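Engineer: Sharing target_8.cif, mmCIF, C-alpha atoms and all ligand atoms:
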data_model
#
loop_
_atom_site.label_atom_id
_atom_site.label_comp_id
_atom_site.auth_asym_id
_atom_site.auth_seq_id
_atom_site.Cartn_x
_atom_site.Cartn_y
_atom_site.Cartn_z
CA MET D 20 -129.74 -60.74 -38.86
CA SER D 21 -132.62 -60.24 -41.20
CA LEU D 22 -135.55 -57.87 -41.30
CA ASP D 23 -137.92 -60.85 -41.39
CA ARG D 24 -136.57 -62.15 -38.10
CA LEU D 25 -136.83 -58.76 -36.46
CA LEU D 26 -140.39 -58.32 -37.73
CA THR D 27 -141.50 -61.50 -35.96
CA TRP D 28 -140.83 -59.63 -32.72
CA ILE D 29 -141.99 -56.09 -33.56
CA PRO D 30 -145.73 -55.26 -33.29
CA PRO D 31 -147.16 -55.04 -36.84
CA GLY D 32 -148.09 -51.51 -37.90
CA SER D 33 -146.02 -49.95 -35.10
CA PRO D 34 -143.57 -47.04 -35.64
CA ASP D 35 -140.86 -49.61 -34.90
CA GLU D 36 -141.89 -51.58 -37.99
CA THR D 37 -141.67 -48.50 -40.22
CA LEU D 38 -138.19 -47.78 -38.86
CA ALA D 39 -137.05 -51.40 -39.08
CA ARG D 40 -138.00 -51.51 -42.77
CA GLN D 41 -135.62 -48.60 -43.45
CA VAL D 42 -132.58 -50.20 -41.80
CA ASP D 43 -129.83 -51.57 -44.05
CA PHE D 44 -128.99 -54.83 -42.30
CA GLU D 45 -125.79 -55.15 -44.33
CA ARG D 46 -124.39 -51.97 -42.74
CA LEU D 47 -125.25 -52.27 -39.08
CA PRO D 48 -122.96 -50.75 -36.47
CA VAL D 49 -120.98 -53.69 -35.10
CA HIS D 50 -120.57 -52.19 -31.62
CA VAL D 51 -123.13 -49.84 -30.05
CA ALA D 52 -122.26 -48.13 -26.76
CA ILE D 53 -124.84 -46.23 -24.72
CA ILE D 54 -124.56 -43.58 -22.02
CA MET D 55 -127.85 -44.11 -20.20
CA ASP D 56 -128.76 -40.71 -18.80
CA GLY D 57 -131.84 -38.91 -17.52
CA ASN D 58 -133.23 -41.33 -14.93
CA GLY D 59 -133.26 -38.62 -12.26
CA ARG D 60 -135.01 -36.10 -14.51
CA TRP D 61 -137.57 -38.71 -15.59
CA ALA D 62 -138.42 -39.28 -11.92
CA ALA D 63 -138.44 -35.55 -11.10
CA GLN D 64 -140.91 -34.89 -13.94
CA ARG D 65 -143.26 -37.32 -12.20
CA HIS D 66 -142.56 -36.04 -8.67
CA LEU D 67 -141.04 -39.40 -7.80
CA PRO D 68 -137.83 -40.19 -5.91
CA ARG D 69 -134.74 -40.55 -8.15
CA ILE D 70 -134.58 -44.29 -7.52
CA GLU D 71 -137.90 -44.70 -9.35
CA GLY D 72 -136.13 -43.35 -12.42
CA HIS D 73 -133.46 -46.02 -12.07
CA ARG D 74 -136.12 -48.67 -11.56
CA ALA D 75 -137.89 -47.57 -14.74
CA GLY D 76 -134.48 -47.50 -16.46
CA ILE D 77 -134.21 -51.25 -15.97
CA ASP D 78 -137.16 -51.78 -18.34
CA SER D 79 -135.23 -49.82 -20.96
CA VAL D 80 -132.12 -51.96 -20.34
CA ARG D 81 -134.20 -55.10 -20.83
CA ASP D 82 -135.78 -53.79 -24.04
CA VAL D 83 -132.55 -52.46 -25.53
CA VAL D 84 -130.51 -55.60 -24.77
CA GLU D 85 -133.10 -57.83 -26.43
CA SER D 86 -133.68 -55.41 -29.31
CA SER D 87 -129.96 -55.10 -30.02
CA ALA D 88 -129.53 -58.87 -30.11
CA ARG D 89 -132.53 -59.23 -32.43
CA VAL D 90 -131.40 -56.43 -34.73
CA GLY D 91 -128.03 -58.16 -35.09
CA ILE D 92 -125.69 -55.88 -33.15
CA ASP D 93 -122.50 -57.82 -32.30
CA VAL D 94 -121.46 -55.85 -29.22
CA LEU D 95 -123.57 -53.68 -26.90
CA THR D 96 -121.96 -51.73 -24.05
CA LEU D 97 -124.09 -49.97 -21.44
CA TYR D 98 -122.63 -47.42 -19.02
CA ALA D 99 -124.31 -48.38 -15.75
CA PHE D 100 -122.05 -46.99 -13.02
CA SER D 101 -119.01 -44.77 -13.30
CA VAL D 102 -116.08 -44.45 -10.92
CA GLU D 103 -117.49 -41.00 -10.12
CA ASN D 104 -120.97 -42.35 -9.25
CA TRP D 105 -119.78 -43.34 -5.75
CA LYS D 106 -120.21 -39.63 -4.91
CA ARG D 107 -124.00 -40.08 -5.07
CA PRO D 108 -125.99 -40.56 -1.85
CA ARG D 109 -125.41 -43.95 -0.29
CA THR D 110 -129.06 -45.00 -0.65
CA GLU D 111 -128.97 -44.25 -4.40
CA VAL D 112 -125.76 -46.25 -4.84
CA ASN D 113 -127.25 -49.15 -2.90
CA THR D 114 -130.42 -49.05 -4.99
CA LEU D 115 -128.43 -49.09 -8.22
CA MET D 116 -126.47 -52.14 -7.02
CA THR D 117 -129.66 -53.88 -5.90
CA LEU D 118 -131.33 -53.19 -9.25
CA LEU D 119 -128.29 -54.54 -11.06
CA LYS D 120 -128.30 -57.75 -9.02
CA ARG D 121 -132.02 -58.19 -9.57
CA TYR D 122 -131.68 -57.54 -13.29
CA LEU D 123 -128.99 -60.22 -13.57
CA ARG D 124 -130.98 -62.75 -11.57
CA LEU D 125 -134.22 -62.16 -13.47
CA GLU D 126 -132.74 -61.78 -16.94
CA LEU D 127 -130.21 -64.60 -16.97
CA ASP D 128 -132.68 -66.93 -18.70
CA THR D 129 -133.40 -64.32 -21.35
CA LEU D 130 -129.68 -63.76 -21.92
CA LEU D 131 -129.22 -67.52 -22.31
CA LYS D 132 -132.26 -67.87 -24.59
CA ASN D 133 -130.96 -65.08 -26.82
CA ASN D 134 -127.42 -66.55 -26.91
CA ILE D 135 -126.04 -63.35 -25.33
CA ARG D 136 -122.58 -63.36 -23.71
CA PHE D 137 -122.36 -61.10 -20.70
CA ARG D 138 -119.25 -59.32 -19.42
CA VAL D 139 -118.32 -56.49 -17.09
CA ILE D 140 -115.86 -53.74 -17.90
CA GLY D 141 -114.47 -51.56 -15.13
CA ARG D 142 -112.81 -52.01 -11.77
CA SER D 143 -115.21 -54.79 -10.77
CA GLU D 144 -112.82 -56.02 -8.07
CA GLU D 145 -113.81 -52.92 -6.04
CA LEU D 146 -117.51 -53.85 -6.04
CA SER D 147 -119.05 -55.53 -3.01
CA PRO D 148 -118.81 -59.35 -2.78
CA ASP D 149 -122.59 -59.86 -3.26
CA VAL D 150 -122.58 -57.83 -6.50
CA ARG D 151 -119.44 -59.62 -7.72
CA HIS D 152 -121.05 -62.96 -6.93
CA GLU D 153 -124.10 -62.16 -9.10
CA LEU D 154 -121.90 -60.81 -11.90
CA ASP D 155 -119.71 -63.92 -11.80
CA ILE D 156 -122.75 -66.17 -12.18
CA GLY D 157 -123.90 -64.19 -15.22
CA ILE D 158 -120.44 -64.18 -16.78
CA ARG D 159 -119.86 -67.88 -16.15
CA GLN D 160 -123.26 -69.09 -17.33
CA THR D 161 -123.19 -67.08 -20.55
CA ALA D 162 -119.48 -67.64 -21.30
CA ASN D 163 -120.13 -70.18 -24.07
CA ASN D 164 -122.81 -68.15 -25.82
CA THR D 165 -121.87 -67.14 -29.33
CA GLY D 166 -124.34 -64.32 -30.03
CA MET D 167 -124.22 -60.69 -28.98
CA GLN D 168 -121.55 -59.61 -26.50
CA PHE D 169 -123.22 -57.53 -23.79
CA ASN D 170 -120.82 -55.42 -21.70
CA ILE D 171 -121.96 -53.59 -18.62
CA ALA D 172 -119.58 -50.79 -17.64
CA LEU D 173 -119.52 -50.85 -13.85
CA ASN D 174 -117.25 -48.85 -11.62
CA TYR D 175 -115.93 -47.74 -14.98
CA GLY D 176 -113.86 -44.71 -15.91
CA GLY D 177 -112.19 -44.13 -19.25
CA ARG D 178 -109.10 -42.56 -17.72
CA ALA D 179 -108.93 -45.31 -15.07
CA GLU D 180 -109.08 -47.89 -17.88
CA ILE D 181 -106.15 -46.27 -19.71
CA VAL D 182 -104.13 -46.12 -16.48
CA ASP D 183 -104.99 -49.79 -15.75
CA ALA D 184 -103.96 -50.75 -19.29
CA ALA D 185 -100.64 -48.92 -18.94
CA ARG D 186 -99.98 -50.69 -15.65
CA ARG D 187 -100.79 -54.07 -17.20
CA ALA D 188 -98.56 -53.40 -20.19
CA ILE D 189 -95.69 -52.51 -17.84
CA ALA D 190 -96.38 -55.56 -15.66
CA ALA D 191 -96.34 -57.75 -18.80
CA GLY D 192 -92.85 -56.41 -19.52
CA ILE D 193 -93.70 -54.93 -22.92
CA PRO D 194 -90.65 -52.93 -24.07
CA ALA D 195 -91.56 -49.25 -24.57
CA ASP D 196 -90.53 -49.28 -28.25
CA GLU D 197 -92.86 -52.25 -28.95
CA LEU D 198 -95.91 -50.56 -27.45
CA ASP D 199 -98.08 -49.13 -30.20
CA GLU D 200 -101.81 -48.33 -30.39
CA HIS D 201 -102.71 -51.83 -31.57
CA ARG D 202 -100.74 -53.56 -28.80
CA PHE D 203 -102.03 -51.14 -26.17
CA GLY D 204 -105.60 -52.12 -27.08
CA ASP D 205 -104.84 -55.65 -25.85
CA PHE D 206 -104.52 -54.30 -22.30
CA LEU D 207 -107.83 -52.43 -22.25
CA TYR D 208 -110.93 -53.93 -20.61
CA THR D 209 -112.37 -54.33 -24.11
CA ALA D 210 -109.39 -56.31 -25.47
CA GLY D 211 -110.41 -58.34 -28.48
CA GLN D 212 -113.60 -56.36 -29.07
CA PRO D 213 -114.13 -53.88 -31.90
CA ASP D 214 -114.33 -50.18 -30.98
CA PRO D 215 -117.86 -48.72 -30.86
CA ASP D 216 -119.13 -47.57 -34.25
CA LEU D 217 -122.02 -45.77 -32.63
CA LEU D 218 -122.15 -43.99 -29.27
CA ILE D 219 -125.65 -43.08 -28.09
CA ARG D 220 -126.34 -40.67 -25.26
CA THR D 221 -129.82 -40.09 -23.89
CA SER D 222 -131.31 -36.97 -22.26
CA GLY D 223 -129.67 -34.42 -24.52
CA GLU D 224 -126.34 -33.88 -22.75
CA MET D 225 -123.42 -33.28 -25.11
CA ARG D 226 -120.70 -34.97 -23.07
CA VAL D 227 -118.79 -38.25 -23.19
CA SER D 228 -118.49 -38.39 -19.38
CA ASN D 229 -115.27 -40.40 -19.18
CA PHE D 230 -116.80 -43.29 -21.18
CA LEU D 231 -114.61 -45.49 -23.41
CA LEU D 232 -112.26 -42.57 -24.05
CA TRP D 233 -109.75 -44.65 -26.00
CA GLN D 234 -112.32 -46.68 -27.94
CA ILE D 235 -114.59 -43.84 -29.17
CA ALA D 236 -111.84 -42.12 -31.16
CA TYR D 237 -113.80 -42.61 -34.41
CA SER D 238 -117.28 -43.44 -33.11
CA GLU D 239 -120.30 -41.68 -34.53
CA ILE D 240 -122.11 -39.90 -31.71
CA TRP D 241 -125.91 -39.69 -31.60
CA VAL D 242 -127.59 -37.73 -28.83
CA THR D 243 -131.33 -37.91 -28.18
CA GLU D 244 -133.47 -35.74 -25.91
CA THR D 245 -135.30 -38.93 -24.86
CA LEU D 246 -134.68 -39.75 -21.20
CA TRP D 247 -133.28 -43.22 -20.58
CA PRO D 248 -136.43 -44.68 -18.95
CA ASP D 249 -138.36 -43.78 -22.16
CA PHE D 250 -135.73 -45.26 -24.50
CA ARG D 251 -136.96 -48.29 -26.44
CA CYS D 252 -136.29 -50.35 -29.58
CA ARG D 253 -137.61 -47.58 -31.86
CA HIS D 254 -135.03 -45.10 -30.49
CA LEU D 255 -132.30 -47.64 -31.12
CA LEU D 256 -133.57 -48.03 -34.69
CA GLU D 257 -133.62 -44.22 -35.10
CA ALA D 258 -130.00 -44.09 -33.93
CA ILE D 259 -129.01 -46.85 -36.36
CA LEU D 260 -130.73 -45.04 -39.24
CA ALA D 261 -128.94 -41.78 -38.35
CA TYR D 262 -125.65 -43.72 -38.19
CA GLN D 263 -126.28 -45.21 -41.63
CA LYS D 264 -126.64 -41.71 -43.08
CA ARG D 265 -123.24 -40.63 -41.78
CA ASP D 266 -120.16 -40.51 -43.97
CA ARG D 267 -117.43 -42.13 -41.87
CA ARG D 268 -114.06 -40.80 -42.93
CA TYR D 269 -111.65 -41.81 -40.14
CA GLY D 270 -109.65 -38.67 -40.84
CA GLY D 271 -109.51 -39.45 -44.56
CA ILE D 272 -111.30 -37.75 -47.45
CA HIS D 273 -115.01 -37.77 -48.28
CA THR D 274 -115.74 -40.38 -50.86
CA ALA D 275 -112.70 -42.66 -50.99
CA PRO D 276 -113.84 -45.21 -48.37
CA VAL D 277 -117.28 -45.48 -49.97
CA ALA D 278 -115.83 -45.73 -53.48
CA LEU D 279 -113.50 -48.49 -52.33
CA GLY D 280 -116.36 -50.22 -50.58
CA VAL D 281 -114.58 -50.18 -47.23
CA GLU D 282 -116.39 -48.82 -44.17
C1 LIG U 301 -128.11 -41.81 -15.29
O1 LIG U 301 -129.22 -41.12 -14.83
C2 LIG U 301 -128.18 -43.22 -14.99
C3 LIG U 301 -127.36 -43.89 -14.13
C4 LIG U 301 -126.28 -43.23 -13.39
C5 LIG U 301 -127.51 -45.30 -13.85
C6 LIG U 301 -128.01 -46.19 -14.93
C7 LIG U 301 -128.30 -47.50 -14.31
C8 LIG U 301 -129.41 -48.26 -14.50
C9 LIG U 301 -130.47 -47.96 -15.48
C10 LIG U 301 -129.61 -49.48 -13.66
C11 LIG U 301 -128.61 -50.58 -13.69
C12 LIG U 301 -128.09 -50.98 -15.01
C13 LIG U 301 -128.11 -52.18 -15.62
C14 LIG U 301 -127.31 -52.37 -16.85
C15 LIG U 301 -128.90 -53.33 -15.17
P1 LIG U 301 -129.03 -39.92 -13.80
O2 LIG U 301 -129.37 -40.42 -12.44
O3 LIG U 301 -127.67 -39.33 -13.94
O4 LIG U 301 -130.14 -38.95 -14.34
P2 LIG U 301 -130.16 -37.35 -14.26
O5 LIG U 301 -128.98 -36.88 -15.07
O6 LIG U 301 -131.48 -37.01 -14.90
O7 LIG U 301 -130.09 -36.99 -12.81
#
Mind converting the file's structure to structure tokens?
Ligand code: FPP
Structural biologist:
Amino acid sequence: MSLDRLLTWIPPGSPDETLARQVDFERLPVHVAIIMDGNGRWAAQRHLPRIEGHRAGIDSVRDVVESSARVGIDVLTLYAFSVENWKRPRTEVNTLMTLLKRYLRLELDTLLKNNIRFRVIGRSEELSPDVRHELDIGIRQTANNTGMQFNIALNYGGRAEIVDAARRAIAAGIPADELDEHRFGDFLYTAGQPDPDLLIRTSGEMRVSNFLLWQIAYSEIWVTETLWPDFRCRHLLEAILAYQKRDRRYGGIHTAPVALGVE
């Protein structure tokens, strides 16, 4: 992706343009994962019901999915609903599912236009048939797209994913002495996808909340005070710029990876 292409979409003279001009498009994070947090607080600040925060959060999802594809991110994973989120009041859970279905219905054209491939990670088989139906349509219709991979983590738990992967490896009859980290990765929901380079969390909480526990082993973490419904392209660009200033060492020493030219 080039700066010129991104600039055709960004309002001239905006803070986004200033940020975009600083990005090194040769060193983008390949996979960006986001813990979308703060919808409830955003609503509370405005004396609105929590569901209004989720509704506003959909605009952020729309903006960030399109921005990520335009910036040139290869994989974007959004944490939409955790295995623990079923503990929320029934009306809130129902609203989240309704918003998700509506998002998929309304945004399918945009996903297709932007060549985005959509997938779900998590125990999707436990979701209700109407939600699964909508997800299946999105997955099927975007299956041949070759651009950004967009994962929605739904009914997702990092520990549940590791347990599911272990069960699958056993069911596949993999002998214990042949099971190493590389092979194990083939049984995760994200099989075949690179691990996140950059994990973003909104609303200032310093937690990983059971998200992609296996895959974030070496991810750079960037936390912003911005609440998810306020998160837009410029925040994504800020996160990318912060990421590009980091010295990724993967447990090695300071300068060797840079000197060798390997990220
Ligand atoms: C966290 O805010 C947000 C969620 C649990 C749900 C995020 C889901 C959406 C934005 C809608 C559906 C998603 C997609 C991808 C279409 P919170 O309620 O925990 O906020 P709080 O911590 O301020 O209470």
Engineer: Would you mind telling me which residue in D:Glu197, D:Leu154, D:Val90, D:Ile29 lies nearest to Glu45 (chain D) when using all atoms listed in the file?
Structural biologist: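 When distances to Glu45 (chain D) are compared using all atoms listed in the file, the smallest one comes from D:Val90.
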Engineer: Taking only C-alpha atoms and all ligand atoms and a cut-off of 6 Å, can you tell me which residues surround ligand LIG 301 (chain U), written as number ranges by chain?
Structural biologist: D: 55-60, 73, 76-77, 80, 99-100, 115, 118-119, 122, 171
Engineer: Interatomic distance between CA of Phe137 (chain D) and CA of Asn170 (chain D)?
Structural biologist: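 So the two atoms, CA of Phe137 (chain D) and CA of Asn170 (chain D), lie 6.0 Å apart.
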Engineer: Pick out the closest residue to Met225 (chain D) from this set: D:Asp196, D:Asp82, D:Asp266, D:Glu244. Count all atoms listed in the file.
Structural biologist: D:Glu244
Engineer: Please provide the set of residues having any atom within 12 Å of Asp128 (chain D), restricted to all atoms listed in the file, with same-chain residues fewer than 3 positions apart removed, written as a VMD selection string.
Structural biologist: chain D and resid 85 122 to 125 131 to 136 156 to 157 160 to 161
Engineer: Just give me the gap between CA of Ile219 (chain D) and CA of Asn163 (chain D) in Å, one decimal is fine.
Structural biologist: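 Rounded to one decimal, the two atoms are 27.9 Å apart.
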Engineer: Skip Ile70 (chain D) itself and residues of its chain fewer than 4 positions away, then list as JSON, numbers by chain all residues within 7 Å of it, counting all atoms listed in the file.
Structural biologist: {"D": [74, 111, 114]}
Engineer: Could you tell me how far CA of Arg142 (chain D) sits from CA of Thr245 (chain D), in Å to one decimal place?
Structural biologist: 29.1 Å
Engineer: Report as a list in words all protein, DNA and RNA residues lying within 9 Å of Phe206 (chain D), evaluated on all atoms listed in the file, omitting residues in the same chain fewer than 4 positions from it.
Structural biologist: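 Neighbouring residues, sequence-local ones excluded: Ile181, Asp183, Ala184, Ala185, Arg186, Arg187, Ala188, Arg202 and Ala210 of chain D.
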Engineer: So that I can check the surroundings of Ala261 (chain D), please list as a list in words every protein, DNA and RNA residue that reaches within 10 Å of it, counting only C-alpha atoms and ignoring chain neighbours fewer than 5 positions away.
Structural biologist: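 Within the cut-off, the hits are Val42, Leu217, Glu239, Ile240, Trp241, Leu255 and Leu256 of chain D.
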Engineer: Skip Asp214 (chain D) itself and residues of its chain fewer than 4 positions away, then list as a PyMOL selection string all residues within 10 Å of it, counting only C-alpha atoms.
Structural biologist: chain D and resi 49-52+94+204+209-210+231+233-238
Engineer: Sort by chain and increasing residue number a table of all residues of region 92-139 of chain D within 9 Å of region 145-152 of chain D, each with its closest pair of atoms and their distance in Å to one decimal, counting only C-alpha atoms, and write it as a tab-separated table.
Structural biologist:
residue	atom	partner	partner_atom	distance
D:Met116	CA	D:Val150	CA	6.9
D:Thr117	CA	D:Val150	CA	8.1
D:Leu119	CA	D:Val150	CA	8.0
D:Lys120	CA	D:Val150	CA	6.3
Engineer: With distances taken over only C-alpha atoms, which of D:Arg109, D:Arg81, D:Arg159, D:Arg251 is nearest to Thr129 (chain D)?
Structural biologist: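 Of D:Arg109, D:Arg81, D:Arg159, D:Arg251, the one nearest Thr129 (chain D), counting only C-alpha atoms, is D:Arg81.
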Engineer: Go through D:Thr243, D:Asn104, D:Asn174, D:Thr37 and flag the residue nearest Ile53 (chain D), using only C-alpha atoms for the distances.
Structural biologist: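 Selected residue with least distance to Ile53 (chain D): D:Thr243.
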